[in-house]
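So this one's entry_11.cif, mmCIF, C-alpha atoms and all ligand atoms:
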```
data_my_file
loop_
_atom_site.label_atom_id
_atom_site.label_comp_id
_atom_site.auth_asym_id
_atom_site.auth_seq_id
_atom_site.Cartn_x
_atom_site.Cartn_y
_atom_site.Cartn_z
CA MET Z 15 -20.17 -7.27 10.05
CA ASN Z 16 -18.31 -8.75 7.15
CA PHE Z 17 -17.98 -12.53 7.14
CA GLU Z 18 -15.98 -12.61 3.90
CA TYR Z 19 -12.28 -13.33 3.89
CA SER Z 20 -10.02 -11.14 1.79
CA GLU Z 21 -8.12 -12.61 -1.16
CA GLU Z 22 -4.94 -12.44 0.86
CA GLN Z 23 -6.50 -14.28 3.81
CA LEU Z 24 -7.78 -17.01 1.50
CA MET Z 25 -4.37 -17.31 -0.12
CA ILE Z 26 -2.67 -17.79 3.27
CA GLN Z 27 -5.30 -20.34 4.31
CA GLN Z 28 -4.72 -22.25 1.07
CA ALA Z 29 -0.94 -22.15 1.43
CA ALA Z 30 -1.17 -23.57 4.97
CA ARG Z 31 -3.69 -26.20 3.84
CA ASP Z 32 -1.51 -27.25 0.91
CA TYR Z 33 1.59 -27.58 3.03
CA ALA Z 34 -0.23 -29.50 5.76
CA GLN Z 35 -2.09 -31.88 3.45
CA ARG Z 36 0.81 -32.52 1.07
CA GLU Z 37 3.83 -32.45 3.36
CA LEU Z 38 3.06 -32.58 7.10
CA ILE Z 39 0.75 -35.54 6.60
CA LYS Z 40 3.50 -37.72 5.10
CA ASP Z 41 5.39 -38.45 8.29
CA VAL Z 42 3.12 -37.17 11.06
CA LEU Z 43 2.40 -40.64 12.47
CA GLU Z 44 6.10 -41.56 12.59
CA ARG Z 45 7.01 -38.27 14.25
CA ASP Z 46 4.27 -38.79 16.82
CA ALA Z 47 5.48 -42.34 17.52
CA ARG Z 48 9.13 -41.27 17.82
CA SER Z 49 8.50 -37.91 19.53
CA GLU Z 50 10.60 -36.41 16.76
CA PHE Z 51 10.93 -32.64 16.22
CA PRO Z 52 9.77 -31.63 12.70
CA ALA Z 53 12.96 -29.70 11.92
CA GLU Z 54 12.70 -29.80 8.11
CA HIS Z 55 9.02 -28.83 8.18
CA ILE Z 56 9.73 -25.86 10.42
CA LYS Z 57 12.42 -24.71 7.96
CA ASN Z 58 9.91 -25.02 5.12
CA LEU Z 59 7.20 -23.22 7.08
CA ALA Z 60 9.74 -20.47 7.78
CA SER Z 61 10.47 -20.09 4.08
CA LEU Z 62 6.71 -19.80 3.48
CA GLY Z 63 6.64 -16.92 5.99
CA PHE Z 64 4.74 -18.70 8.75
CA MET Z 65 7.15 -18.10 11.64
CA GLY Z 66 6.65 -14.33 11.92
CA MET Z 67 3.30 -13.97 10.24
CA MET Z 68 2.16 -10.74 11.90
CA VAL Z 69 5.57 -9.09 12.23
CA ASP Z 70 6.27 -5.98 10.20
CA PRO Z 71 8.28 -6.81 7.04
CA LYS Z 72 10.89 -4.27 8.18
CA TYR Z 73 11.78 -6.88 10.86
CA ASP Z 74 11.63 -9.73 8.32
CA GLY Z 75 8.07 -10.75 9.16
CA SER Z 76 5.20 -11.37 6.74
CA GLY Z 77 3.13 -8.33 7.77
CA LEU Z 78 -0.16 -10.29 7.80
CA ASP Z 79 -3.20 -9.78 10.00
CA ALA Z 80 -4.36 -11.92 12.91
CA ILE Z 81 -7.24 -13.35 10.86
CA SER Z 82 -4.75 -14.86 8.38
CA TYR Z 83 -2.86 -16.25 11.37
CA VAL Z 84 -6.03 -17.90 12.76
CA LEU Z 85 -6.78 -19.47 9.37
CA ALA Z 86 -3.23 -20.76 8.92
CA ILE Z 87 -2.96 -22.24 12.42
CA GLU Z 88 -6.29 -24.04 11.93
CA GLU Z 89 -5.08 -25.63 8.69
CA LEU Z 90 -1.75 -26.76 10.12
CA SER Z 91 -3.45 -28.13 13.25
CA LYS Z 92 -5.90 -30.26 11.30
CA ILE Z 93 -2.94 -32.38 10.29
CA ASP Z 94 -0.15 -31.74 12.78
CA ALA Z 95 -0.78 -29.81 16.00
CA SER Z 96 2.78 -30.45 17.20
CA ALA Z 97 4.09 -28.43 14.26
CA SER Z 98 1.44 -25.77 14.78
CA VAL Z 99 2.32 -25.19 18.43
CA ILE Z 100 5.96 -24.60 17.46
CA VAL Z 101 4.71 -22.02 14.95
CA SER Z 102 2.19 -20.52 17.38
CA VAL Z 103 4.64 -20.08 20.28
CA ASN Z 104 7.17 -18.44 17.97
CA ASN Z 105 4.57 -16.09 16.48
CA SER Z 106 2.44 -15.11 19.44
CA LEU Z 107 4.46 -15.61 22.59
CA VAL Z 108 7.85 -14.61 21.26
CA CYS Z 109 7.66 -12.38 18.15
CA PHE Z 110 4.52 -10.53 19.27
CA GLY Z 111 5.97 -9.54 22.67
CA LEU Z 112 9.31 -8.51 21.17
CA GLU Z 113 7.73 -6.41 18.45
CA LYS Z 114 5.23 -4.71 20.76
CA PHE Z 115 7.45 -4.05 23.76
CA GLY Z 116 11.09 -4.50 22.65
CA THR Z 117 13.56 -1.70 21.96
CA GLU Z 118 14.71 -1.03 18.41
CA GLU Z 119 18.05 -2.64 19.22
CA GLN Z 120 16.33 -5.76 20.63
CA LYS Z 121 14.15 -6.00 17.54
CA GLN Z 122 17.11 -5.73 15.17
CA LYS Z 123 19.12 -8.30 17.07
CA TYR Z 124 16.48 -10.80 18.22
CA LEU Z 125 13.20 -10.24 16.39
CA ARG Z 126 14.56 -10.35 12.84
CA PRO Z 127 15.96 -13.89 12.96
CA LEU Z 128 12.88 -15.11 14.87
CA ALA Z 129 10.39 -13.53 12.47
CA SER Z 130 12.17 -14.94 9.44
CA GLY Z 131 12.32 -18.35 11.14
CA LYS Z 132 16.15 -18.52 10.97
CA LYS Z 133 15.90 -18.98 14.71
CA ILE Z 134 13.17 -20.31 16.98
CA GLY Z 135 12.01 -18.78 20.24
CA ALA Z 136 10.55 -20.07 23.51
CA PHE Z 137 8.56 -18.42 26.29
CA LEU Z 138 9.60 -19.38 29.82
CA LEU Z 139 6.92 -18.60 32.38
CA SER Z 140 5.79 -21.87 34.03
CA GLU Z 141 7.74 -23.29 36.94
CA PRO Z 142 7.52 -26.53 38.93
CA GLU Z 143 5.46 -24.66 41.53
CA ALA Z 144 4.03 -21.83 39.43
CA GLY Z 145 1.78 -22.93 36.57
CA SER Z 146 -1.65 -21.34 36.75
CA ASP Z 147 -0.51 -19.17 39.67
CA ALA Z 148 1.83 -17.20 37.48
CA THR Z 149 2.64 -14.42 39.99
CA SER Z 150 4.43 -16.94 42.26
CA GLN Z 151 7.66 -16.88 40.26
CA ARG Z 152 10.63 -18.40 42.11
CA THR Z 153 13.24 -18.06 39.40
CA LEU Z 154 15.39 -15.17 40.55
CA ALA Z 155 16.90 -12.52 38.30
CA GLU Z 156 19.02 -10.57 40.79
CA ASP Z 157 19.90 -7.05 39.77
CA LYS Z 158 23.72 -6.85 39.69
CA GLY Z 159 24.10 -3.43 38.15
CA ASP Z 160 24.65 -3.87 34.44
CA TYR Z 161 23.40 -7.47 34.37
CA TYR Z 162 20.91 -9.85 36.00
CA LEU Z 163 22.09 -13.05 37.66
CA VAL Z 164 19.50 -15.75 37.00
CA ASN Z 165 18.94 -18.87 39.10
CA GLY Z 166 15.96 -21.20 39.03
CA THR Z 167 14.01 -23.74 37.01
CA LYS Z 168 11.33 -23.38 34.34
CA ASN Z 169 8.98 -26.22 33.44
CA TRP Z 170 7.01 -27.50 30.43
CA ILE Z 171 8.83 -25.24 28.01
CA THR Z 172 7.71 -25.65 24.40
CA ASN Z 173 10.65 -25.31 21.93
CA ALA Z 174 13.10 -25.49 24.87
CA ASN Z 175 15.74 -27.39 22.90
CA SER Z 176 15.07 -26.14 19.39
CA ALA Z 177 14.96 -22.48 20.42
CA SER Z 178 17.95 -20.16 20.29
CA THR Z 179 16.21 -17.29 22.07
CA TYR Z 180 14.32 -17.46 25.33
CA ILE Z 181 11.87 -14.91 26.67
CA LEU Z 182 12.32 -15.51 30.38
CA ILE Z 183 9.94 -14.30 33.10
CA ALA Z 184 11.71 -14.09 36.48
CA GLN Z 185 11.46 -12.41 39.86
CA THR Z 186 13.87 -9.58 40.62
CA ASP Z 187 12.35 -8.20 43.81
CA PRO Z 188 10.25 -10.76 45.73
CA ASP Z 189 9.07 -8.10 48.21
CA LYS Z 190 7.26 -6.37 45.37
CA LYS Z 191 5.50 -9.62 44.35
CA HIS Z 192 4.25 -9.42 40.75
CA LYS Z 193 5.49 -5.84 40.47
CA GLY Z 194 9.05 -7.12 40.95
CA ILE Z 195 8.92 -9.51 37.98
CA ASN Z 196 10.94 -8.87 34.80
CA ALA Z 197 10.94 -10.23 31.25
CA LEU Z 198 14.43 -10.90 29.89
CA ILE Z 199 15.72 -11.98 26.49
CA VAL Z 200 18.19 -14.80 27.06
CA ASP Z 201 20.48 -16.52 24.57
CA LYS Z 202 19.94 -20.24 25.03
CA ASN Z 203 23.66 -20.96 24.74
CA SER Z 204 24.51 -18.69 27.68
CA PRO Z 205 26.78 -20.43 30.22
CA GLY Z 206 24.79 -21.91 33.12
CA ILE Z 207 21.74 -23.05 31.15
CA SER Z 208 20.92 -26.75 31.08
CA LEU Z 209 17.90 -28.75 29.97
CA GLY Z 210 15.98 -31.57 31.59
CA PRO Z 211 15.06 -34.65 29.52
CA HIS Z 212 12.62 -34.44 26.62
CA GLU Z 213 9.14 -34.85 28.16
CA ASP Z 214 7.43 -38.05 27.03
CA LYS Z 215 4.02 -36.48 26.44
CA MET Z 216 0.58 -37.96 25.79
CA GLY Z 217 0.10 -35.77 22.71
CA MET Z 218 1.85 -32.99 20.77
CA ARG Z 219 4.66 -35.48 20.96
CA SER Z 220 6.93 -33.99 18.33
CA SER Z 221 7.10 -30.51 19.82
CA ASP Z 222 10.09 -30.47 22.15
CA THR Z 223 9.22 -29.84 25.77
CA HIS Z 224 11.78 -29.73 28.55
CA SER Z 225 12.46 -28.09 31.86
CA VAL Z 226 15.20 -25.46 31.73
CA MET Z 227 17.62 -24.90 34.62
CA PHE Z 228 19.47 -21.62 35.18
CA THR Z 229 22.58 -21.59 37.35
CA ASP Z 230 24.27 -18.19 37.74
CA VAL Z 231 23.31 -17.15 34.22
CA LYS Z 232 24.32 -13.59 33.39
CA VAL Z 233 21.84 -11.62 31.30
CA PRO Z 234 22.75 -8.07 30.24
CA LYS Z 235 20.43 -5.33 31.52
CA SER Z 236 19.95 -4.23 27.93
CA ASN Z 237 18.05 -7.52 27.42
CA ARG Z 238 15.24 -6.55 29.78
CA ILE Z 239 11.94 -5.92 27.98
CA GLY Z 240 10.22 -2.75 29.18
CA GLU Z 241 10.65 -0.93 32.48
CA ASP Z 242 11.86 -2.60 35.66
CA GLY Z 243 8.92 -4.63 37.07
CA PHE Z 244 6.98 -4.81 33.80
CA GLY Z 245 7.50 -8.57 33.39
CA PHE Z 246 4.19 -9.83 34.77
CA LYS Z 247 2.06 -7.43 32.75
CA PHE Z 248 4.21 -8.25 29.74
CA ALA Z 249 3.49 -11.97 30.26
CA MET Z 250 -0.24 -11.36 30.65
CA GLN Z 251 -0.43 -9.31 27.46
CA VAL Z 252 1.62 -11.80 25.51
CA LEU Z 253 -0.66 -14.60 26.70
CA GLU Z 254 -3.72 -12.66 25.52
CA ALA Z 255 -2.29 -12.88 22.01
CA GLY Z 256 -1.02 -16.43 22.49
CA ARG Z 257 -4.46 -17.67 23.39
CA ILE Z 258 -5.76 -16.75 19.95
CA GLY Z 259 -3.15 -19.11 18.49
CA ILE Z 260 -3.99 -22.01 20.82
CA ALA Z 261 -7.73 -21.45 20.32
CA SER Z 262 -7.16 -21.67 16.55
CA GLN Z 263 -5.13 -24.81 17.11
CA ALA Z 264 -8.06 -26.31 19.03
CA VAL Z 265 -10.39 -25.35 16.15
CA GLY Z 266 -8.04 -27.11 13.75
CA LEU Z 267 -7.98 -30.27 15.86
CA ALA Z 268 -11.78 -30.27 16.02
CA SER Z 269 -12.32 -29.44 12.35
CA GLY Z 270 -9.71 -32.01 11.32
CA ALA Z 271 -11.53 -34.63 13.39
CA LEU Z 272 -14.86 -33.58 11.86
CA GLU Z 273 -13.51 -33.80 8.29
CA ARG Z 274 -12.13 -37.27 8.96
CA SER Z 275 -15.43 -38.34 10.54
CA ILE Z 276 -17.47 -37.10 7.57
CA ALA Z 277 -15.23 -38.96 5.12
CA TYR Z 278 -15.25 -42.14 7.20
CA SER Z 279 -19.02 -42.15 7.76
CA LYS Z 280 -19.62 -41.86 4.00
CA GLU Z 281 -17.48 -44.97 3.37
CA ARG Z 282 -18.02 -47.28 6.31
CA LYS Z 283 -21.02 -49.55 6.00
CA ALA Z 284 -23.09 -51.06 8.80
CA PHE Z 285 -26.57 -52.56 8.79
CA GLY Z 286 -26.65 -52.47 4.98
CA THR Z 287 -25.81 -48.80 4.42
CA VAL Z 288 -23.07 -46.26 5.00
CA ILE Z 289 -23.08 -45.13 8.62
CA ALA Z 290 -23.72 -41.51 7.56
CA ASN Z 291 -27.26 -42.69 6.82
CA HIS Z 292 -27.78 -43.58 10.46
CA GLN Z 293 -29.22 -40.65 12.32
CA SER Z 294 -27.13 -41.45 15.40
CA VAL Z 295 -24.02 -40.67 13.32
CA ALA Z 296 -25.48 -37.86 11.20
CA PHE Z 297 -26.65 -35.98 14.32
CA LYS Z 298 -23.25 -36.36 15.91
CA LEU Z 299 -21.70 -34.79 12.79
CA ALA Z 300 -24.20 -31.93 12.93
CA GLU Z 301 -23.46 -31.23 16.59
CA MET Z 302 -19.70 -31.38 15.95
CA ALA Z 303 -20.06 -28.93 13.05
CA VAL Z 304 -21.98 -26.39 15.14
CA LYS Z 305 -19.30 -26.51 17.84
CA VAL Z 306 -16.49 -26.07 15.30
CA GLU Z 307 -18.25 -23.14 13.68
CA ASN Z 308 -18.88 -21.43 17.02
CA ALA Z 309 -15.29 -21.90 18.12
CA ARG Z 310 -13.92 -20.62 14.81
CA ASN Z 311 -16.12 -17.55 15.03
CA LEU Z 312 -14.85 -16.80 18.55
CA CYS Z 313 -11.26 -17.02 17.27
CA LEU Z 314 -12.02 -14.78 14.33
CA LYS Z 315 -13.70 -12.23 16.58
CA ALA Z 316 -10.68 -12.11 18.90
CA ALA Z 317 -8.40 -11.78 15.86
CA TRP Z 318 -10.59 -9.06 14.36
CA LEU Z 319 -10.48 -7.08 17.60
CA LYS Z 320 -6.69 -7.43 17.68
CA ASP Z 321 -6.38 -6.34 14.05
CA ASN Z 322 -8.57 -3.34 14.80
CA HIS Z 323 -6.55 -2.31 17.86
CA GLN Z 324 -9.39 -2.94 20.28
CA PRO Z 325 -9.10 -4.80 23.61
CA TYR Z 326 -9.18 -8.52 22.87
CA GLY Z 327 -8.12 -10.22 26.14
CA ILE Z 328 -11.62 -11.36 27.10
CA ALA Z 329 -12.41 -12.43 23.54
CA SER Z 330 -9.20 -14.47 23.37
CA ALA Z 331 -9.94 -16.09 26.76
CA MET Z 332 -13.45 -16.99 25.55
CA ALA Z 333 -12.09 -18.37 22.28
CA LYS Z 334 -9.42 -20.41 24.08
CA GLN Z 335 -11.77 -21.85 26.71
CA TYR Z 336 -14.55 -22.73 24.29
CA ALA Z 337 -12.37 -24.00 21.46
CA ALA Z 338 -10.23 -26.16 23.75
CA ASP Z 339 -13.26 -27.68 25.47
CA ILE Z 340 -15.10 -28.44 22.23
CA ALA Z 341 -11.90 -29.80 20.67
CA MET Z 342 -11.89 -32.43 23.40
CA GLU Z 343 -15.59 -33.18 22.83
CA VAL Z 344 -15.39 -33.25 19.03
CA THR Z 345 -12.26 -35.38 18.84
CA THR Z 346 -13.76 -37.83 21.36
CA GLU Z 347 -16.90 -38.10 19.21
CA ALA Z 348 -14.70 -38.62 16.15
CA VAL Z 349 -13.10 -41.62 17.85
CA GLN Z 350 -16.59 -42.92 18.69
CA ILE Z 351 -17.76 -42.57 15.06
CA HIS Z 352 -14.68 -44.47 13.89
CA GLY Z 353 -15.34 -47.24 16.42
CA GLY Z 354 -12.44 -49.70 16.73
CA TYR Z 355 -10.62 -47.96 13.86
CA GLY Z 356 -10.72 -44.75 15.86
CA TYR Z 357 -8.74 -46.42 18.60
CA VAL Z 358 -5.76 -47.28 16.39
CA LYS Z 359 -3.13 -44.85 15.20
CA GLU Z 360 -3.58 -45.26 11.46
CA TYR Z 361 -6.86 -43.35 11.43
CA HIS Z 362 -5.36 -40.29 13.17
CA VAL Z 363 -8.38 -39.39 15.30
CA GLU Z 364 -6.97 -40.92 18.50
CA ARG Z 365 -3.92 -38.64 18.03
CA LEU Z 366 -6.16 -35.62 17.53
CA MET Z 367 -7.94 -36.52 20.77
CA ARG Z 368 -4.64 -36.82 22.66
CA GLU Z 369 -3.51 -33.50 21.22
CA ALA Z 370 -6.80 -31.75 22.01
CA LYS Z 371 -6.31 -32.48 25.70
CA LEU Z 372 -3.29 -30.20 25.87
CA THR Z 373 -5.22 -27.24 24.48
CA GLN Z 374 -7.27 -27.31 27.72
CA ILE Z 375 -4.05 -27.09 29.74
CA TYR Z 376 -1.33 -24.94 28.18
CA GLU Z 377 -1.29 -21.15 27.73
CA GLY Z 378 -3.79 -21.02 30.59
CA THR Z 379 -6.09 -23.90 31.51
CA SER Z 380 -9.80 -23.73 30.71
CA GLU Z 381 -10.32 -22.88 34.38
CA ILE Z 382 -7.89 -19.92 34.12
CA GLN Z 383 -9.82 -18.63 31.09
CA LYS Z 384 -12.99 -18.78 33.19
CA ILE Z 385 -11.25 -16.74 35.91
CA VAL Z 386 -10.32 -14.10 33.33
CA ILE Z 387 -13.84 -14.04 31.84
CA SER Z 388 -15.76 -14.09 35.12
CA ARG Z 389 -13.59 -11.39 36.72
CA ASP Z 390 -14.45 -9.17 33.78
CA LEU Z 391 -18.16 -9.94 34.15
CA LEU Z 392 -18.12 -9.22 37.87
CA LYS Z 393 -15.77 -6.25 38.05
N1 LIG D 1 -3.01 -7.29 30.78
C1 LIG D 1 -2.34 -6.40 31.54
N2 LIG D 1 -2.24 -6.51 32.88
C2 LIG D 1 -2.83 -7.58 33.47
C3 LIG D 1 -3.53 -8.55 32.74
C4 LIG D 1 -3.61 -8.37 31.34
N3 LIG D 1 -4.26 -9.25 30.56
N4 LIG D 1 -4.00 -9.48 33.57
C5 LIG D 1 -3.61 -9.11 34.81
N5 LIG D 1 -2.89 -7.97 34.75
C6 LIG D 1 -2.31 -7.20 35.82
C7 LIG D 1 -3.38 -6.78 36.83
O1 LIG D 1 -3.99 -5.57 36.46
C8 LIG D 1 -2.57 -6.65 38.10
O2 LIG D 1 -1.86 -5.42 38.07
P1 LIG D 1 -1.96 -4.34 39.31
O3 LIG D 1 -1.46 -5.05 40.52
O4 LIG D 1 -1.09 -3.23 38.85
O5 LIG D 1 -3.40 -4.00 39.43
C9 LIG D 1 -1.52 -7.73 37.96
O6 LIG D 1 -1.41 -8.03 36.57
C10 LIG D 1 -1.85 -8.98 38.73
O7 LIG D 1 -3.10 -9.45 38.22
P2 LIG D 1 -4.08 -10.36 39.07
O8 LIG D 1 -4.28 -9.77 40.43
O9 LIG D 1 -5.29 -10.59 38.23
O10 LIG D 1 -3.21 -11.69 39.23
P3 LIG D 1 -3.62 -13.14 39.68
O11 LIG D 1 -2.54 -13.68 40.55
O12 LIG D 1 -5.01 -13.16 40.23
O13 LIG D 1 -3.51 -13.99 38.30
C11 LIG D 1 -4.23 -14.89 36.23
C12 LIG D 1 -4.19 -13.68 37.17
C13 LIG D 1 -5.10 -14.47 35.08
C14 LIG D 1 -4.86 -16.10 36.90
C15 LIG D 1 -2.79 -15.21 35.75
O14 LIG D 1 -2.00 -15.67 36.82
C16 LIG D 1 -2.74 -16.21 34.62
O15 LIG D 1 -3.01 -15.88 33.47
N6 LIG D 1 -2.36 -17.49 34.91
C17 LIG D 1 -2.18 -18.49 33.89
C18 LIG D 1 -0.77 -18.50 33.37
C19 LIG D 1 -0.65 -19.17 32.06
O16 LIG D 1 -1.41 -18.93 31.13
N7 LIG D 1 0.38 -20.00 31.92
C20 LIG D 1 0.65 -20.63 30.67
C21 LIG D 1 2.11 -20.82 30.51
S1 LIG D 1 2.73 -20.38 28.97
C22 LIG D 1 2.58 -21.73 27.98
O17 LIG D 1 1.83 -22.65 28.22
C23 LIG D 1 3.39 -21.62 26.76
C24 LIG D 1 3.70 -22.81 26.00
O18 LIG D 1 4.82 -23.22 26.00
C25 LIG D 1 2.69 -23.40 25.08
#
```
Here is the file; what I need is its structure written in the form of structure tokens.
Ligand code: CAA
Amino acid sequence: MNFEYSEEQLMIQQAARDYAQRELIKDVLERDARSEFPAEHIKNLASLGFMGMMVDPKYDGSGLDAISYVLAIEELSKIDASASVIVSVNNSLVCFGLEKFGTEEQKQKYLRPLASGKKIGAFLLSEPEAGSDATSQRTLAEDKGDYYLVNGTKNWITNANSASTYILIAQTDPDKKHKGINALIVDKNSPGISLGPHEDKMGMRSSDTHSVMFTDVKVPKSNRIGEDGFGFKFAMQVLEAGRIGIASQAVGLASGALERSIAYSKERKAFGTVIANHQSVAFKLAEMAVKVENARNLCLKAAWLKDNHQPYGIASAMAKQYAADIAMEVTTEAVQIHGGYGYVKEYHVERLMREAKLTQIYEGTSEIQKIVISRDLLK
């Protein structure tokens, strides 16, 4: 085992840290308050190569490994998890699936602008009545010969408004259940697509989340990814990769909360000394640090397996479940350490706590990760 990062990995980590701590920090509180999409920041992150980090440079990506991706997402998430989820969805749920399973023509047309960050992508799986139970897709993509006719509604879609390209999961043949599901590339400006209102979320407030309605939307057959009926397995494999990104985001929220708690406890005085000198606080910090380290290591292991072309679905489910759950615990403790200051916006930790909650829900709840892990144990 080699626990050392390469020079390149350290350079990417530093670049993400610099951008987050110099730029994202400036207006993160205002964007959170206003639920405002960080459009300029996403452009800047694109020019730094963060929107298609693992995509081959021949498709305008940065050609980096998954470990660099984990390190970068952690750094961005320490400061602004709303920005990092926009980056993560584009990288893992959109670019990854297109590069791995798309045709050459699809990659030239759709992957290139997504990997360079000229365009943003979204992944449309969840529905009003199909969240965790992802095989129960009701959105129909009827086979009409040389095109699919799509009708239905998708819910909780990250990047729904900012995206130009949708990866849509829809049912073509309900009799075949999950084997009748397809994955289609859809241009967001296709006639018949409309968006619900911007969701007024508890956290991750500046990523744009909407429902998306499809009414008689025509999608060319050439936009189907993989063979007929491959859509569910496509979605599952894409989510395996996506979960590494969200797990890293959860690590960033937890490590950001820990860093703020260390700094605060070395300044804040109570009972005649800084609160770091009180064992009740120092032990909390120690416990938080162990959890962050464990979660980070799980992410790095999943990323290492992916980089080394080994199965990583169970590792990514473990990383996602553990990191999301400890992110909630660590950010809650951070608020406790900050006391009353932790409960107001200026000190950031209440925002980190609100954001951590979503990591236990999206890209597969913590309970779904336990289904994936336990089925593997018991198979
Ligand atoms: N890779 C390849 N194939 C897989 C797979 C994987 N990781 N997981 C399952 N499959 C295959 C199975 O082998 C099976 O195929 P066969 O019938 O050929 O054997 C088929 O898929 C069905 O699998 P299951 O019987 O296991 O299906 P299930 O109904 O029990 O569900 C589940 C499995 C893991 C619970 C799945 O439904 C799931 O992951 N649900 C959660 C969905 C989710 O993560 N949603 C998040 C939305 S995206 C999002 O949040 C994005 C965002 O914007 C931030």
Point to revise | Shell of 9 Å around region 49-65 of chain Z, only C-alpha atoms, local chain residues under 6 positions omitted, as a ChimeraX atom specification | key: /Z:29-30,33,37-38,42,75-76,83,86,96-97,100-102,104-105,109,128-132,134,176,212,214-215,218-222
Write the residues you've just listed into a file as a JSON list (two decimals), in the coordinates of the input, and include C-alpha atoms for each of them.
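Final file, result-v3.json:
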```json
[["chain", "number", "residue", "atom", "x", "y", "z"],
["Z", 29, "ALA", "CA", -0.94, -22.15, 1.43],
["Z", 30, "ALA", "CA", -1.17, -23.57, 4.97],
["Z", 33, "TYR", "CA", 1.59, -27.58, 3.03],
["Z", 37, "GLU", "CA", 3.83, -32.45, 3.36],
["Z", 38, "LEU", "CA", 3.06, -32.58, 7.10],
["Z", 42, "VAL", "CA", 3.12, -37.17, 11.06],
["Z", 75, "GLY", "CA", 8.07, -10.75, 9.16],
["Z", 76, "SER", "CA", 5.20, -11.37, 6.74],
["Z", 83, "TYR", "CA", -2.86, -16.25, 11.37],
["Z", 86, "ALA", "CA", -3.23, -20.76, 8.92],
["Z", 96, "SER", "CA", 2.78, -30.45, 17.20],
["Z", 97, "ALA", "CA", 4.09, -28.43, 14.26],
["Z", 100, "ILE", "CA", 5.96, -24.60, 17.46],
["Z", 101, "VAL", "CA", 4.71, -22.02, 14.95],
["Z", 102, "SER", "CA", 2.19, -20.52, 17.38],
["Z", 104, "ASN", "CA", 7.17, -18.44, 17.97],
["Z", 105, "ASN", "CA", 4.57, -16.09, 16.48],
["Z", 109, "CYS", "CA", 7.66, -12.38, 18.15],
["Z", 128, "LEU", "CA", 12.88, -15.11, 14.87],
["Z", 129, "ALA", "CA", 10.39, -13.53, 12.47],
["Z", 130, "SER", "CA", 12.17, -14.94, 9.44],
["Z", 131, "GLY", "CA", 12.32, -18.35, 11.14],
["Z", 132, "LYS", "CA", 16.15, -18.52, 10.97],
["Z", 134, "ILE", "CA", 13.17, -20.31, 16.98],
["Z", 176, "SER", "CA", 15.07, -26.14, 19.39],
["Z", 212, "HIS", "CA", 12.62, -34.44, 26.62],
["Z", 214, "ASP", "CA", 7.43, -38.05, 27.03],
["Z", 215, "LYS", "CA", 4.02, -36.48, 26.44],
["Z", 218, "MET", "CA", 1.85, -32.99, 20.77],
["Z", 219, "ARG", "CA", 4.66, -35.48, 20.96],
["Z", 220, "SER", "CA", 6.93, -33.99, 18.33],
["Z", 221, "SER", "CA", 7.10, -30.51, 19.82],
["Z", 222, "ASP", "CA", 10.09, -30.47, 22.15]]
```
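Closest approach to ligand LIG 1 (chain D) among Z:Ala177, Z:Ile81, Z:Val304, Z:Met67 is made by Z:Ala177 (distances from all atoms listed in the file).
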Review point. Using all atoms listed in the file, which protein or nucleic acid residues are at most 9 Å from ligand LIG 1 (chain D), as a PyMOL selection string?
Key: chain Z and resi 99-100+102-103+107+136-141+144-150+170-174+192-193+223+246-254+256-257+260+327-328+373+375-379+382-383+385-386+389
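The gap separating CA of Thr186 (chain Z) from CA of Glu241 (chain Z) is 12.3 Å, in Å to one decimal.
Comparing the minimum interatomic distances between Lys168 (chain Z) and each of Z:Ile340, Z:Ala264, Z:Ala184, Z:Ile239, counting all atoms listed in the file, we find that Z:Ala184 sits nearest.
The two atoms in question, CA of Tyr326 (chain Z) and CA of Ala271 (chain Z), are spaced 27.9 Å apart.
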Any chance you could tabulate, as a Markdown table, the residues of region 67-147 of chain Z at most 12 Å from region 358-363 of chain Z with each one's nearest atom pair and distance in Å to one decimal, using all atoms listed in the file, in chain and rising number order?
```
| residue | atom | partner | partner_atom | distance |
| --- | --- | --- | --- | --- |
| Z:Lys92 | CA | Z:His362 | CA | 10.2 |
| Z:Ile93 | CA | Z:His362 | CA | 8.8 |
| Z:Asp94 | CA | Z:His362 | CA | 10.0 |
| Z:Ala95 | CA | Z:His362 | CA | 11.8 |
```
